[in-house]
Amino acid sequence: MRALLQVLTALTLLAYPVAVYLGLNYLPASTIALVLCLLLIVRLMLQKQRVKTLILPLLVGIALTAGSYLAKRSDWLLYYPVVINLTMLALFSYSLHTGPCMIERLARLKEPDLPDEAIPYLKKVTLLWCGLFIFNGTMAAYTAGFTSLATWTLYNGLIAYVLMGLLLGGEWLYRSFWLKKT
């Protein structure tokens with residue numbers, strides 16, 4: 001049951017923009033806010049502090065959805081992608097200062113014995129990800145505040161994921177070939 005709840009809450013959070021779009025178009029705003037709030041609470045309870053960095057965005061998400069429900073302000077639901085991007089930016093930026101950088105950590109999962117020459121490159125890639133999180137966070141805030149729900153959903157539910165996928169896939173392919181040359 002726990003595994004099923006983890007999968008369901010993860011999928012819902014991944015599809016958060018689509019859930020908000022469908023919820024606001026087909027349900028009372030308070031209903032979707034309450035459902036999303038409950039899902040975030042379940043996700044937080046399932047987390048059990050295994051990944052401490054995910055606790056803050058979950059708590060902020062709970063505050064946004066609960067606040068949206070209580071204040072009857074559906075527009076507050078639109079700011080969760082901003083929170084996620086700010087959290088990821090903070091994580092990646094922090095890793096640049098404390099080391100090893102986030103992309104190095106991820107690369108070492110596949111290649112534990114990375115050559116020393118790879119470290120500066122991986123730091124640059126981490127900076128590139130920081131730039132993407134700044135861009136996505138800015139666009140998430142802009143679409144939440146100044147565009148239609150359909151535009152917000154298109155950007156946050158599709159375009160942002162495509163951009164992250166392109167960076168992830170493109171960089172991984174490049175790194176795979178680059179590391180083979182060194």
# chains A, B, ... in the order shown; residues from 1 in each chain; ligands from 1
call {"tool": "residues_around", "arguments": {"residues": "Trp152 of chain A", "least_positions_apart": "6", "cutoff": "10 Å", "atoms": "only C-alpha atoms", "output": "MDAnalysis selection string"}}
result
chainID A and resid 17:18 21 78 139:146 158:159
call {"tool": "closest_atom_pairs", "arguments": {"of": "segment 49-168 of chain A", "to": "segment 33-37 of chain A", "cutoff": "10 Å", "atoms": "only C-alpha atoms", "output": "CSV"}}
result
residue,atom,partner,partner_atom,distance
A:Leu58,CA,A:Cys37,CA,9.5
A:Leu59,CA,A:Cys37,CA,9.8
A:Gly61,CA,A:Cys37,CA,7.4
A:Ile62,CA,A:Cys37,CA,5.2
A:Ala63,CA,A:Cys37,CA,8.1
A:Leu64,CA,A:Cys37,CA,8.2
A:Thr65,CA,A:Ala33,CA,5.1
A:Ala66,CA,A:Cys37,CA,5.9
A:Gly67,CA,A:Ala33,CA,8.6
A:Ser68,CA,A:Ala33,CA,6.2
A:Tyr69,CA,A:Ala33,CA,5.4
A:Leu70,CA,A:Ala33,CA,9.1
A:Lys72,CA,A:Ala33,CA,9.0
A:Arg73,CA,A:Ala33,CA,9.2
A:Ser74,CA,A:Ala33,CA,7.3
A:Trp76,CA,A:Ala33,CA,9.2
A:Leu77,CA,A:Ala33,CA,7.1
call {"tool": "write_last_selection", "arguments": {"atoms": "N, CA, C and O atoms", "output": "PDB file, in the first residue's frame"}}
result
ATOM      1  N   LEU A  58       7.598  20.523  -0.114  1.00  0.00           N
ATOM      2  CA  LEU A  58       6.328  19.888   0.266  1.00  0.00           C
ATOM      3  C   LEU A  58       5.580  20.752   1.279  1.00  0.00           C
ATOM      4  O   LEU A  58       4.365  20.951   1.164  1.00  0.00           O
ATOM      5  N   LEU A  59       6.307  21.285   2.258  1.00  0.00           N
ATOM      6  CA  LEU A  59       5.666  22.136   3.263  1.00  0.00           C
ATOM      7  C   LEU A  59       5.117  23.413   2.627  1.00  0.00           C
ATOM      8  O   LEU A  59       4.003  23.852   2.953  1.00  0.00           O
ATOM      9  N   GLY A  61       4.256  23.717  -0.502  1.00  0.00           N
ATOM     10  CA  GLY A  61       3.121  23.280  -1.317  1.00  0.00           C
ATOM     11  C   GLY A  61       1.878  23.073  -0.469  1.00  0.00           C
ATOM     12  O   GLY A  61       0.764  23.451  -0.871  1.00  0.00           O
ATOM     13  N   ILE A  62       2.057  22.493   0.698  1.00  0.00           N
ATOM     14  CA  ILE A  62       0.926  22.306   1.617  1.00  0.00           C
ATOM     15  C   ILE A  62       0.379  23.674   2.036  1.00  0.00           C
ATOM     16  O   ILE A  62      -0.842  23.886   2.056  1.00  0.00           O
ATOM     17  N   ALA A  63       1.276  24.600   2.342  1.00  0.00           N
ATOM     18  CA  ALA A  63       0.837  25.951   2.729  1.00  0.00           C
ATOM     19  C   ALA A  63       0.089  26.642   1.583  1.00  0.00           C
ATOM     20  O   ALA A  63      -0.956  27.278   1.806  1.00  0.00           O
ATOM     21  N   LEU A  64       0.605  26.504   0.359  1.00  0.00           N
ATOM     22  CA  LEU A  64      -0.060  27.129  -0.795  1.00  0.00           C
ATOM     23  C   LEU A  64      -1.441  26.534  -1.048  1.00  0.00           C
ATOM     24  O   LEU A  64      -2.405  27.260  -1.287  1.00  0.00           O
ATOM     25  N   THR A  65      -1.520  25.204  -1.026  1.00  0.00           N
ATOM     26  CA  THR A  65      -2.804  24.561  -1.317  1.00  0.00           C
ATOM     27  C   THR A  65      -3.798  24.771  -0.178  1.00  0.00           C
ATOM     28  O   THR A  65      -4.976  25.042  -0.425  1.00  0.00           O
ATOM     29  N   ALA A  66      -3.325  24.664   1.067  1.00  0.00           N
ATOM     30  CA  ALA A  66      -4.216  24.899   2.208  1.00  0.00           C
ATOM     31  C   ALA A  66      -4.655  26.366   2.231  1.00  0.00           C
ATOM     32  O   ALA A  66      -5.838  26.663   2.461  1.00  0.00           O
ATOM     33  N   GLY A  67      -3.704  27.270   1.991  1.00  0.00           N
ATOM     34  CA  GLY A  67      -4.039  28.690   1.938  1.00  0.00           C
ATOM     35  C   GLY A  67      -5.025  28.992   0.819  1.00  0.00           C
ATOM     36  O   GLY A  67      -5.955  29.792   0.992  1.00  0.00           O
ATOM     37  N   SER A  68      -4.834  28.343  -0.309  1.00  0.00           N
ATOM     38  CA  SER A  68      -5.748  28.507  -1.438  1.00  0.00           C
ATOM     39  C   SER A  68      -7.149  28.062  -1.051  1.00  0.00           C
ATOM     40  O   SER A  68      -8.143  28.725  -1.361  1.00  0.00           O
ATOM     41  N   TYR A  69      -7.213  26.942  -0.358  1.00  0.00           N
ATOM     42  CA  TYR A  69      -8.505  26.410   0.087  1.00  0.00           C
ATOM     43  C   TYR A  69      -9.164  27.361   1.089  1.00  0.00           C
ATOM     44  O   TYR A  69     -10.333  27.716   0.939  1.00  0.00           O
ATOM     45  N   LEU A  70      -8.407  27.774   2.084  1.00  0.00           N
ATOM     46  CA  LEU A  70      -8.969  28.610   3.146  1.00  0.00           C
ATOM     47  C   LEU A  70      -9.327  30.016   2.656  1.00  0.00           C
ATOM     48  O   LEU A  70     -10.356  30.570   3.046  1.00  0.00           O
ATOM     49  N   LYS A  72      -9.903  30.807  -0.425  1.00  0.00           N
ATOM     50  CA  LYS A  72     -10.683  30.712  -1.671  1.00  0.00           C
ATOM     51  C   LYS A  72      -9.990  31.475  -2.800  1.00  0.00           C
ATOM     52  O   LYS A  72     -10.600  32.226  -3.533  1.00  0.00           O
ATOM     53  N   ARG A  73      -8.662  31.224  -2.901  1.00  0.00           N
ATOM     54  CA  ARG A  73      -7.832  31.872  -3.921  1.00  0.00           C
ATOM     55  C   ARG A  73      -7.176  30.797  -4.776  1.00  0.00           C
ATOM     56  O   ARG A  73      -6.118  30.283  -4.439  1.00  0.00           O
ATOM     57  N   SER A  74      -7.784  30.453  -5.881  1.00  0.00           N
ATOM     58  CA  SER A  74      -7.244  29.390  -6.729  1.00  0.00           C
ATOM     59  C   SER A  74      -5.922  29.781  -7.378  1.00  0.00           C
ATOM     60  O   SER A  74      -5.131  28.912  -7.737  1.00  0.00           O
ATOM     61  N   TRP A  76      -3.319  30.870  -6.043  1.00  0.00           N
ATOM     62  CA  TRP A  76      -2.185  30.445  -5.223  1.00  0.00           C
ATOM     63  C   TRP A  76      -1.682  29.070  -5.649  1.00  0.00           C
ATOM     64  O   TRP A  76      -0.512  28.753  -5.460  1.00  0.00           O
ATOM     65  N   LEU A  77      -2.541  28.254  -6.222  1.00  0.00           N
ATOM     66  CA  LEU A  77      -2.138  26.922  -6.688  1.00  0.00           C
ATOM     67  C   LEU A  77      -1.101  27.004  -7.804  1.00  0.00           C
ATOM     68  O   LEU A  77      -0.348  26.068  -8.029  1.00  0.00           O
TER      69      LEU A  77
END
call {"tool": "residues_around", "arguments": {"residues": "Leu167 of chain A", "least_positions_apart": "3", "cutoff": "10 Å", "atoms": "only C-alpha atoms", "output": "list in words"}}
result
Val125, Leu128, Trp129, Leu132, Tyr161, Val162, Leu163, Met164, Gly170, Glu171, Trp172 and Leu173 of chain A
call {"tool": "atom_distance", "arguments": {"atom1": "atom CA of Val20 of chain A", "atom2": "atom CA of Leu149 of chain A"}}
result
8.9 Å
call {"tool": "residues_around", "arguments": {"residues": "Leu22 of chain A", "least_positions_apart": "6", "cutoff": "10 Å", "atoms": "only C-alpha atoms", "output": "VMD selection string"}}
result
chain A and resid 16 32 153
call {"tool": "closest_residue", "arguments": {"among": "A:Val82, A:Leu4, A:Leu27, A:Leu168", "to": "Leu106 of chain A", "atoms": "only C-alpha atoms"}}
result
A:Leu168
call {"tool": "select_by_dssp", "arguments": {"residues": "segment 28-89 of chain A", "states": "alpha helix (DSSP H)", "output": "short mmCIF file (atom, residue, chain, number, x, y, z; two decimals) with N, CA and C atoms, in the first residue's frame"}}
result
data_model
loop_
_atom_site.label_atom_id
_atom_site.label_comp_id
_atom_site.auth_asym_id
_atom_site.auth_seq_id
_atom_site.Cartn_x
_atom_site.Cartn_y
_atom_site.Cartn_z
N ALA A 29 -12.90 25.21 -7.23
CA ALA A 29 -11.49 25.51 -6.90
C ALA A 29 -11.12 24.97 -5.53
N SER A 30 -12.04 25.04 -4.57
CA SER A 30 -11.72 24.57 -3.23
C SER A 30 -11.49 23.06 -3.22
N THR A 31 -12.17 22.34 -4.08
CA THR A 31 -12.02 20.88 -4.13
C THR A 31 -10.63 20.48 -4.59
N ILE A 32 -10.16 21.08 -5.68
CA ILE A 32 -8.83 20.71 -6.19
C ILE A 32 -7.75 21.16 -5.21
N ALA A 33 -7.94 22.31 -4.57
CA ALA A 33 -6.97 22.76 -3.57
C ALA A 33 -6.89 21.78 -2.42
N LEU A 34 -8.02 21.32 -1.95
CA LEU A 34 -8.06 20.38 -0.85
C LEU A 34 -7.46 19.03 -1.24
N VAL A 35 -7.78 18.54 -2.43
CA VAL A 35 -7.24 17.25 -2.91
C VAL A 35 -5.72 17.34 -3.03
N LEU A 36 -5.23 18.41 -3.64
CA LEU A 36 -3.77 18.58 -3.79
C LEU A 36 -3.09 18.72 -2.44
N CYS A 37 -3.73 19.43 -1.53
CA CYS A 37 -3.17 19.59 -0.18
C CYS A 37 -3.05 18.23 0.50
N LEU A 38 -4.10 17.44 0.42
CA LEU A 38 -4.08 16.10 1.03
C LEU A 38 -3.01 15.22 0.40
N LEU A 39 -2.86 15.29 -0.92
CA LEU A 39 -1.82 14.51 -1.60
C LEU A 39 -0.42 14.94 -1.16
N LEU A 40 -0.22 16.23 -0.99
CA LEU A 40 1.07 16.71 -0.52
C LEU A 40 1.33 16.27 0.92
N ILE A 41 0.31 16.27 1.74
CA ILE A 41 0.46 15.80 3.12
C ILE A 41 0.82 14.31 3.13
N VAL A 42 0.13 13.53 2.30
CA VAL A 42 0.45 12.10 2.21
C VAL A 42 1.89 11.91 1.74
N ARG A 43 2.29 12.69 0.75
CA ARG A 43 3.67 12.60 0.25
C ARG A 43 4.66 12.94 1.36
N LEU A 44 4.38 13.94 2.13
CA LEU A 44 5.25 14.33 3.24
C LEU A 44 5.34 13.21 4.28
N MET A 45 4.21 12.61 4.59
CA MET A 45 4.21 11.52 5.56
C MET A 45 4.98 10.30 5.04
N LEU A 46 4.88 10.05 3.75
CA LEU A 46 5.60 8.92 3.16
C LEU A 46 7.10 9.18 3.10
N GLN A 47 7.46 10.45 2.99
CA GLN A 47 8.86 10.84 2.85
C GLN A 47 9.67 10.43 4.07
N ILE A 55 11.54 18.15 1.79
CA ILE A 55 10.58 18.51 2.81
C ILE A 55 10.12 19.96 2.67
N LEU A 56 11.04 20.88 2.43
CA LEU A 56 10.67 22.29 2.32
C LEU A 56 9.67 22.55 1.18
N PRO A 57 9.92 22.06 -0.05
CA PRO A 57 8.92 22.33 -1.08
C PRO A 57 7.57 21.66 -0.79
N LEU A 58 7.60 20.52 -0.11
CA LEU A 58 6.33 19.89 0.27
C LEU A 58 5.58 20.75 1.28
N LEU A 59 6.31 21.28 2.26
CA LEU A 59 5.67 22.14 3.26
C LEU A 59 5.12 23.41 2.63
N VAL A 60 5.88 24.00 1.71
CA VAL A 60 5.40 25.21 1.03
C VAL A 60 4.21 24.87 0.16
N GLY A 61 4.26 23.72 -0.50
CA GLY A 61 3.12 23.28 -1.32
C GLY A 61 1.88 23.07 -0.47
N ILE A 62 2.06 22.49 0.70
CA ILE A 62 0.93 22.31 1.62
C ILE A 62 0.38 23.67 2.04
N ALA A 63 1.28 24.60 2.34
CA ALA A 63 0.84 25.95 2.73
C ALA A 63 0.09 26.64 1.58
N LEU A 64 0.60 26.50 0.36
CA LEU A 64 -0.06 27.13 -0.80
C LEU A 64 -1.44 26.53 -1.05
N THR A 65 -1.52 25.20 -1.03
CA THR A 65 -2.80 24.56 -1.32
C THR A 65 -3.80 24.77 -0.18
N ALA A 66 -3.33 24.66 1.07
CA ALA A 66 -4.22 24.90 2.21
C ALA A 66 -4.66 26.37 2.23
N GLY A 67 -3.70 27.27 1.99
CA GLY A 67 -4.04 28.69 1.94
C GLY A 67 -5.03 28.99 0.82
N SER A 68 -4.83 28.34 -0.31
CA SER A 68 -5.75 28.51 -1.44
C SER A 68 -7.15 28.06 -1.05
N TYR A 69 -7.21 26.94 -0.36
CA TYR A 69 -8.50 26.41 0.09
C TYR A 69 -9.16 27.36 1.09
N LEU A 70 -8.41 27.77 2.08
CA LEU A 70 -8.97 28.61 3.15
C LEU A 70 -9.33 30.02 2.66
N ALA A 71 -8.48 30.58 1.82
CA ALA A 71 -8.71 31.94 1.34
C ALA A 71 -9.59 31.99 0.09
N TYR A 80 3.23 26.81 -7.14
CA TYR A 80 4.03 25.66 -6.70
C TYR A 80 5.21 25.37 -7.63
N PRO A 81 5.07 25.46 -8.96
CA PRO A 81 6.25 25.27 -9.81
C PRO A 81 7.37 26.28 -9.53
N VAL A 82 7.02 27.47 -9.10
CA VAL A 82 8.03 28.46 -8.73
C VAL A 82 8.82 27.93 -7.53
N VAL A 83 8.11 27.39 -6.55
CA VAL A 83 8.74 26.84 -5.35
C VAL A 83 9.69 25.70 -5.72
N ILE A 84 9.25 24.82 -6.58
CA ILE A 84 10.08 23.68 -7.00
C ILE A 84 11.36 24.17 -7.68
N ASN A 85 11.23 25.12 -8.58
CA ASN A 85 12.41 25.64 -9.28
C ASN A 85 13.36 26.37 -8.32
N LEU A 86 12.82 27.11 -7.38
CA LEU A 86 13.68 27.78 -6.39
C LEU A 86 14.40 26.77 -5.51
N THR A 87 13.71 25.70 -5.16
CA THR A 87 14.33 24.65 -4.35
C THR A 87 15.46 23.97 -5.11
N MET A 88 15.20 23.63 -6.36
CA MET A 88 16.24 22.98 -7.16
C MET A 88 17.42 23.93 -7.39
N LEU A 89 17.14 25.20 -7.62
CA LEU A 89 18.20 26.18 -7.76
C LEU A 89 19.04 26.25 -6.49
#
call {"tool": "atom_distance", "arguments": {"atom1": "atom CA of Thr12 of chain A", "atom2": "atom CA of Leu24 of chain A"}}
result
15.1 Å
